[in-house]
Amino acid sequence: MILGTILKMKKINKSDAEWKDILSDSVYTVTRKKGTETPFSGALNINIDAGTYYCVCCDNILFKSVHKFNSGTGWPSFYEVASGTSVQSKIDISLGMSRVEALCMVCDAHLGHIFDDGPEPTGKRYCINSVSLKFTKKDK
Ligand SMILES: [Zn+2]
């Protein structure tokens, strides 16, 4: 079922130069060069409004506000993804550590990392750079 959805999903493949052209420097550095924003610097870190979080590069739905929690790490944190086509994970062994990288499933934007110390029911902590996200507030 999920595999079928993934196969039907349209991937976005742009060259590095194309991304550099359309993204701001900070967004480009994080999403395309796997950078990490300074903790507590992101506008969405303390955002508690109800709404939806989209990929800043391609508008793929990534997270919902109901799954956001305050991890105290300085980065927006979620314990669940919005759908089966939101986020893909990949082993990341950069910086001498073995971590799990979180990427947008549509455009491969680097979002952050996934840890196993999140709250129930998933126990996951999606530690996401604020600049990778675009937030849309739910209509009242
Ligand atoms: Zn994306």
# chains A, B, ... in the order shown; residues from 1 in each chain; ligands from 1
>>> residues_near_ligand(ligand="ligand 1", cutoff="10 Å", atoms="only C-alpha atoms and all ligand atoms", output="mmCIF file with N, CA and C atoms, in the first residue's frame")
data_model
loop_
_atom_site.group_PDB
_atom_site.id
_atom_site.type_symbol
_atom_site.label_atom_id
_atom_site.label_comp_id
_atom_site.auth_asym_id
_atom_site.auth_seq_id
_atom_site.Cartn_x
_atom_site.Cartn_y
_atom_site.Cartn_z
ATOM 1 N N LYS A 11 8.834 12.502 -7.964
ATOM 2 C CA LYS A 11 10.060 13.015 -7.347
ATOM 3 C C LYS A 11 10.463 14.323 -8.033
ATOM 4 N N ILE A 12 11.079 15.205 -7.271
ATOM 5 C CA ILE A 12 11.603 16.438 -7.847
ATOM 6 C C ILE A 12 13.122 16.344 -7.876
ATOM 7 N N THR A 31 19.280 22.642 3.617
ATOM 8 C CA THR A 31 18.547 21.598 2.896
ATOM 9 C C THR A 31 19.374 20.910 1.819
ATOM 10 N N TYR A 54 5.247 22.231 5.960
ATOM 11 C CA TYR A 54 5.567 21.777 4.607
ATOM 12 C C TYR A 54 7.069 21.890 4.352
ATOM 13 N N CYS A 55 7.541 21.135 3.355
ATOM 14 C CA CYS A 55 8.928 21.253 2.915
ATOM 15 C C CYS A 55 9.123 22.632 2.281
ATOM 16 N N VAL A 56 10.151 23.348 2.700
ATOM 17 C CA VAL A 56 10.390 24.694 2.193
ATOM 18 C C VAL A 56 10.799 24.670 0.714
ATOM 19 N N CYS A 57 11.333 23.538 0.261
ATOM 20 C CA CYS A 57 11.796 23.431 -1.123
ATOM 21 C C CYS A 57 10.701 23.019 -2.103
ATOM 22 N N CYS A 58 9.768 22.168 -1.665
ATOM 23 C CA CYS A 58 8.837 21.594 -2.644
ATOM 24 C C CYS A 58 7.379 21.529 -2.182
ATOM 25 N N ASP A 59 7.075 22.029 -0.988
ATOM 26 C CA ASP A 59 5.699 22.046 -0.466
ATOM 27 C C ASP A 59 5.123 20.677 -0.118
ATOM 28 N N ASN A 60 5.938 19.652 -0.059
ATOM 29 C CA ASN A 60 5.465 18.341 0.411
ATOM 30 C C ASN A 60 5.029 18.477 1.875
ATOM 31 N N ILE A 61 3.910 17.859 2.242
ATOM 32 C CA ILE A 61 3.468 17.899 3.643
ATOM 33 C C ILE A 61 4.389 17.027 4.476
ATOM 34 N N LEU A 62 4.992 17.609 5.506
ATOM 35 C CA LEU A 62 5.952 16.862 6.315
ATOM 36 C C LEU A 62 5.424 16.508 7.696
ATOM 37 N N SER A 86 5.972 11.587 3.448
ATOM 38 C CA SER A 86 6.563 12.824 3.968
ATOM 39 C C SER A 86 8.086 12.762 4.056
ATOM 40 N N VAL A 87 8.562 11.810 4.845
ATOM 41 C CA VAL A 87 9.981 11.808 5.221
ATOM 42 C C VAL A 87 10.602 10.440 4.958
ATOM 43 N N LEU A 103 15.053 13.118 5.461
ATOM 44 C CA LEU A 103 15.033 13.821 4.170
ATOM 45 C C LEU A 103 13.596 13.914 3.661
ATOM 46 N N CYS A 104 13.303 14.988 2.941
ATOM 47 C CA CYS A 104 12.006 15.092 2.280
ATOM 48 C C CYS A 104 11.911 13.982 1.241
ATOM 49 N N MET A 105 10.796 13.254 1.229
ATOM 50 C CA MET A 105 10.685 12.120 0.321
ATOM 51 C C MET A 105 10.517 12.554 -1.132
ATOM 52 N N VAL A 106 10.056 13.773 -1.357
ATOM 53 C CA VAL A 106 9.825 14.235 -2.730
ATOM 54 C C VAL A 106 11.082 14.855 -3.352
ATOM 55 N N CYS A 107 11.760 15.719 -2.616
ATOM 56 C CA CYS A 107 12.880 16.458 -3.232
ATOM 57 C C CYS A 107 14.231 16.182 -2.572
ATOM 58 N N ASP A 108 14.270 15.265 -1.600
ATOM 59 C CA ASP A 108 15.512 14.891 -0.919
ATOM 60 C C ASP A 108 16.158 16.028 -0.119
ATOM 61 N N ALA A 109 15.379 17.026 0.238
ATOM 62 C CA ALA A 109 15.929 18.091 1.087
ATOM 63 C C ALA A 109 16.345 17.508 2.432
ATOM 64 N N HIS A 110 17.505 17.916 2.921
ATOM 65 C CA HIS A 110 17.919 17.525 4.267
ATOM 66 C C HIS A 110 17.059 18.300 5.255
ATOM 67 N N LEU A 111 16.426 17.572 6.192
ATOM 68 C CA LEU A 111 15.541 18.225 7.158
ATOM 69 C C LEU A 111 16.158 18.260 8.544
ATOM 70 N N SER A 132 14.088 24.475 7.214
ATOM 71 C CA SER A 132 13.641 23.467 6.241
ATOM 72 C C SER A 132 12.130 23.432 6.121
ATOM 73 N N LEU A 133 11.459 24.128 7.045
ATOM 74 C CA LEU A 133 10.001 24.035 7.142
ATOM 75 C C LEU A 133 9.304 25.324 6.736
#
>>> closest_residue(among="A:Ser24, A:Ser89, A:Ser15, A:Ser71", to="Asp117 of chain A", atoms="only C-alpha atoms")
A:Ser71
>>> closest_residue(among="A:Asp139, A:Glu80, A:Glu101, A:Asp92", to="Gly123 of chain A", atoms="only C-alpha atoms")
A:Glu80
>>> closest_residue(among="A:Ser26, A:Ser65, A:Thr136, A:Ser130", to="Ala43 of chain A", atoms="only C-alpha atoms")
A:Ser130
>>> decode(residues="chain A", atoms="C-alpha atoms", output="PDB file, in the first residue's frame")
ATOM      1  CA  MET A   1       0.000   0.000   0.000  1.00  0.00           C
ATOM      2  CA  ILE A   2       2.635   2.487   1.077  1.00  0.00           C
ATOM      3  CA  LEU A   3       4.970   1.230  -1.647  1.00  0.00           C
ATOM      4  CA  GLY A   4       2.243   1.876  -4.228  1.00  0.00           C
ATOM      5  CA  THR A   5       1.899   5.432  -2.991  1.00  0.00           C
ATOM      6  CA  ILE A   6       5.646   5.956  -3.177  1.00  0.00           C
ATOM      7  CA  LEU A   7       5.835   4.628  -6.726  1.00  0.00           C
ATOM      8  CA  LYS A   8       3.116   7.026  -7.844  1.00  0.00           C
ATOM      9  CA  MET A   9       4.787   9.939  -6.086  1.00  0.00           C
ATOM     10  CA  LYS A  10       6.454  12.458  -8.333  1.00  0.00           C
ATOM     11  CA  LYS A  11      10.060  13.015  -7.347  1.00  0.00           C
ATOM     12  CA  ILE A  12      11.603  16.438  -7.847  1.00  0.00           C
ATOM     13  CA  ASN A  13      15.126  16.430  -9.186  1.00  0.00           C
ATOM     14  CA  LYS A  14      16.824  19.773  -9.599  1.00  0.00           C
ATOM     15  CA  SER A  15      20.514  20.404 -10.037  1.00  0.00           C
ATOM     16  CA  ASP A  16      22.535  22.010  -7.280  1.00  0.00           C
ATOM     17  CA  ALA A  17      22.742  25.223  -9.320  1.00  0.00           C
ATOM     18  CA  GLU A  18      18.967  25.328  -9.760  1.00  0.00           C
ATOM     19  CA  TRP A  19      18.391  24.966  -6.018  1.00  0.00           C
ATOM     20  CA  LYS A  20      20.995  27.628  -5.252  1.00  0.00           C
ATOM     21  CA  ASP A  21      19.141  29.938  -7.593  1.00  0.00           C
ATOM     22  CA  ILE A  22      15.731  29.650  -5.953  1.00  0.00           C
ATOM     23  CA  LEU A  23      16.597  29.190  -2.270  1.00  0.00           C
ATOM     24  CA  SER A  24      17.918  31.719   0.217  1.00  0.00           C
ATOM     25  CA  ASP A  25      21.484  31.132   1.462  1.00  0.00           C
ATOM     26  CA  SER A  26      20.429  29.729   4.852  1.00  0.00           C
ATOM     27  CA  VAL A  27      17.811  27.417   3.340  1.00  0.00           C
ATOM     28  CA  TYR A  28      20.228  26.229   0.660  1.00  0.00           C
ATOM     29  CA  THR A  29      22.982  25.506   3.193  1.00  0.00           C
ATOM     30  CA  VAL A  30      20.725  23.410   5.435  1.00  0.00           C
ATOM     31  CA  THR A  31      18.547  21.598   2.896  1.00  0.00           C
ATOM     32  CA  ARG A  32      21.069  21.036   0.100  1.00  0.00           C
ATOM     33  CA  LYS A  33      24.391  20.994   1.936  1.00  0.00           C
ATOM     34  CA  LYS A  34      23.115  19.200   5.047  1.00  0.00           C
ATOM     35  CA  GLY A  35      23.874  22.100   7.328  1.00  0.00           C
ATOM     36  CA  THR A  36      22.442  22.605  10.801  1.00  0.00           C
ATOM     37  CA  GLU A  37      20.975  25.884  11.964  1.00  0.00           C
ATOM     38  CA  THR A  38      22.025  27.329  15.325  1.00  0.00           C
ATOM     39  CA  PRO A  39      19.796  25.906  18.082  1.00  0.00           C
ATOM     40  CA  PHE A  40      17.041  28.240  19.324  1.00  0.00           C
ATOM     41  CA  SER A  41      17.548  30.420  16.227  1.00  0.00           C
ATOM     42  CA  GLY A  42      14.648  29.078  14.178  1.00  0.00           C
ATOM     43  CA  ALA A  43      11.356  30.944  13.984  1.00  0.00           C
ATOM     44  CA  LEU A  44       9.350  27.723  14.230  1.00  0.00           C
ATOM     45  CA  ASN A  45      11.167  26.249  17.225  1.00  0.00           C
ATOM     46  CA  ILE A  46       8.690  27.698  19.711  1.00  0.00           C
ATOM     47  CA  ASN A  47       5.728  27.852  17.339  1.00  0.00           C
ATOM     48  CA  ILE A  48       2.680  26.337  19.070  1.00  0.00           C
ATOM     49  CA  ASP A  49       0.016  27.380  16.550  1.00  0.00           C
ATOM     50  CA  ALA A  50      -2.170  24.658  15.065  1.00  0.00           C
ATOM     51  CA  GLY A  51      -1.378  23.950  11.447  1.00  0.00           C
ATOM     52  CA  THR A  52       0.745  22.068   8.955  1.00  0.00           C
ATOM     53  CA  TYR A  53       4.474  22.026   8.245  1.00  0.00           C
ATOM     54  CA  TYR A  54       5.567  21.777   4.607  1.00  0.00           C
ATOM     55  CA  CYS A  55       8.928  21.253   2.915  1.00  0.00           C
ATOM     56  CA  VAL A  56      10.390  24.694   2.193  1.00  0.00           C
ATOM     57  CA  CYS A  57      11.796  23.431  -1.123  1.00  0.00           C
ATOM     58  CA  CYS A  58       8.837  21.594  -2.644  1.00  0.00           C
ATOM     59  CA  ASP A  59       5.699  22.046  -0.466  1.00  0.00           C
ATOM     60  CA  ASN A  60       5.465  18.341   0.411  1.00  0.00           C
ATOM     61  CA  ILE A  61       3.468  17.899   3.643  1.00  0.00           C
ATOM     62  CA  LEU A  62       5.952  16.862   6.315  1.00  0.00           C
ATOM     63  CA  PHE A  63       4.531  17.307   9.797  1.00  0.00           C
ATOM     64  CA  LYS A  64       1.403  18.350  11.662  1.00  0.00           C
ATOM     65  CA  SER A  65       1.306  20.585  14.725  1.00  0.00           C
ATOM     66  CA  VAL A  66      -0.483  17.900  16.777  1.00  0.00           C
ATOM     67  CA  HIS A  67       2.731  15.831  16.640  1.00  0.00           C
ATOM     68  CA  LYS A  68       5.045  18.679  17.655  1.00  0.00           C
ATOM     69  CA  PHE A  69       6.495  18.699  21.153  1.00  0.00           C
ATOM     70  CA  ASN A  70       8.944  20.783  23.135  1.00  0.00           C
ATOM     71  CA  SER A  71      12.149  18.757  23.250  1.00  0.00           C
ATOM     72  CA  GLY A  72      14.226  21.564  24.766  1.00  0.00           C
ATOM     73  CA  THR A  73      16.905  20.978  22.116  1.00  0.00           C
ATOM     74  CA  GLY A  74      16.388  24.281  20.304  1.00  0.00           C
ATOM     75  CA  TRP A  75      15.042  22.695  17.129  1.00  0.00           C
ATOM     76  CA  PRO A  76      11.422  22.010  16.144  1.00  0.00           C
ATOM     77  CA  SER A  77      10.702  18.431  17.233  1.00  0.00           C
ATOM     78  CA  PHE A  78       8.010  16.014  16.168  1.00  0.00           C
ATOM     79  CA  TYR A  79       7.242  12.442  17.204  1.00  0.00           C
ATOM     80  CA  GLU A  80       5.396  11.497  14.022  1.00  0.00           C
ATOM     81  CA  VAL A  81       5.363  12.384  10.318  1.00  0.00           C
ATOM     82  CA  ALA A  82       2.293  13.652   8.457  1.00  0.00           C
ATOM     83  CA  SER A  83       2.057  10.793   5.955  1.00  0.00           C
ATOM     84  CA  GLY A  84       3.814   7.821   4.384  1.00  0.00           C
ATOM     85  CA  THR A  85       5.223  10.086   1.679  1.00  0.00           C
ATOM     86  CA  SER A  86       6.563  12.824   3.968  1.00  0.00           C
ATOM     87  CA  VAL A  87       9.981  11.808   5.221  1.00  0.00           C
ATOM     88  CA  GLN A  88      12.552   9.204   4.295  1.00  0.00           C
ATOM     89  CA  SER A  89      15.382   8.173   6.569  1.00  0.00           C
ATOM     90  CA  LYS A  90      18.975   7.403   5.710  1.00  0.00           C
ATOM     91  CA  ILE A  91      21.980   6.370   7.790  1.00  0.00           C
ATOM     92  CA  ASP A  92      24.350   9.321   8.169  1.00  0.00           C
ATOM     93  CA  ILE A  93      27.901   8.626   9.329  1.00  0.00           C
ATOM     94  CA  SER A  94      29.250  12.164   8.937  1.00  0.00           C
ATOM     95  CA  LEU A  95      31.021  13.926  11.828  1.00  0.00           C
ATOM     96  CA  GLY A  96      32.195  10.554  13.165  1.00  0.00           C
ATOM     97  CA  MET A  97      28.743   9.671  14.451  1.00  0.00           C
ATOM     98  CA  SER A  98      26.149   7.221  13.243  1.00  0.00           C
ATOM     99  CA  ARG A  99      22.851   9.031  13.030  1.00  0.00           C
ATOM    100  CA  VAL A 100      19.666   8.712  11.055  1.00  0.00           C
ATOM    101  CA  GLU A 101      19.128  11.566   8.631  1.00  0.00           C
ATOM    102  CA  ALA A 102      15.611  12.813   7.807  1.00  0.00           C
ATOM    103  CA  LEU A 103      15.033  13.821   4.170  1.00  0.00           C
ATOM    104  CA  CYS A 104      12.006  15.092   2.280  1.00  0.00           C
ATOM    105  CA  MET A 105      10.685  12.120   0.321  1.00  0.00           C
ATOM    106  CA  VAL A 106       9.825  14.235  -2.730  1.00  0.00           C
ATOM    107  CA  CYS A 107      12.880  16.458  -3.232  1.00  0.00           C
ATOM    108  CA  ASP A 108      15.512  14.891  -0.919  1.00  0.00           C
ATOM    109  CA  ALA A 109      15.929  18.091   1.087  1.00  0.00           C
ATOM    110  CA  HIS A 110      17.919  17.525   4.267  1.00  0.00           C
ATOM    111  CA  LEU A 111      15.541  18.225   7.158  1.00  0.00           C
ATOM    112  CA  GLY A 112      17.394  17.072  10.249  1.00  0.00           C
ATOM    113  CA  HIS A 113      17.891  13.826  12.152  1.00  0.00           C
ATOM    114  CA  ILE A 114      15.733  11.155  13.778  1.00  0.00           C
ATOM    115  CA  PHE A 115      16.458   9.918  17.296  1.00  0.00           C
ATOM    116  CA  ASP A 116      14.938   7.183  19.430  1.00  0.00           C
ATOM    117  CA  ASP A 117      14.353   9.262  22.552  1.00  0.00           C
ATOM    118  CA  GLY A 118      11.003  10.826  21.622  1.00  0.00           C
ATOM    119  CA  PRO A 119       7.726  10.571  23.506  1.00  0.00           C
ATOM    120  CA  GLU A 120       5.130   7.826  23.168  1.00  0.00           C
ATOM    121  CA  PRO A 121       3.439   6.442  21.169  1.00  0.00           C
ATOM    122  CA  THR A 122       6.271   6.359  18.598  1.00  0.00           C
ATOM    123  CA  GLY A 123       9.329   6.952  20.781  1.00  0.00           C
ATOM    124  CA  LYS A 124      10.796   8.874  17.846  1.00  0.00           C
ATOM    125  CA  ARG A 125      12.163  12.408  17.860  1.00  0.00           C
ATOM    126  CA  TYR A 126      12.314  14.090  14.467  1.00  0.00           C
ATOM    127  CA  CYS A 127      14.774  16.893  15.166  1.00  0.00           C
ATOM    128  CA  ILE A 128      14.164  19.311  12.291  1.00  0.00           C
ATOM    129  CA  ASN A 129      15.804  22.544  11.202  1.00  0.00           C
ATOM    130  CA  SER A 130      13.309  25.379  11.300  1.00  0.00           C
ATOM    131  CA  VAL A 131      14.535  26.761   7.963  1.00  0.00           C
ATOM    132  CA  SER A 132      13.641  23.467   6.241  1.00  0.00           C
ATOM    133  CA  LEU A 133      10.001  24.035   7.142  1.00  0.00           C
ATOM    134  CA  LYS A 134       7.226  26.250   5.903  1.00  0.00           C
ATOM    135  CA  PHE A 135       4.305  26.593   8.298  1.00  0.00           C
ATOM    136  CA  THR A 136       0.682  27.227   7.401  1.00  0.00           C
ATOM    137  CA  LYS A 137      -1.684  28.063  10.213  1.00  0.00           C
ATOM    138  CA  LYS A 138      -4.920  26.174  10.350  1.00  0.00           C
ATOM    139  CA  ASP A 139      -8.018  28.304   9.681  1.00  0.00           C
ATOM    140  CA  LYS A 140      -9.970  28.935  12.805  1.00  0.00           C
TER     141      LYS A 140
END
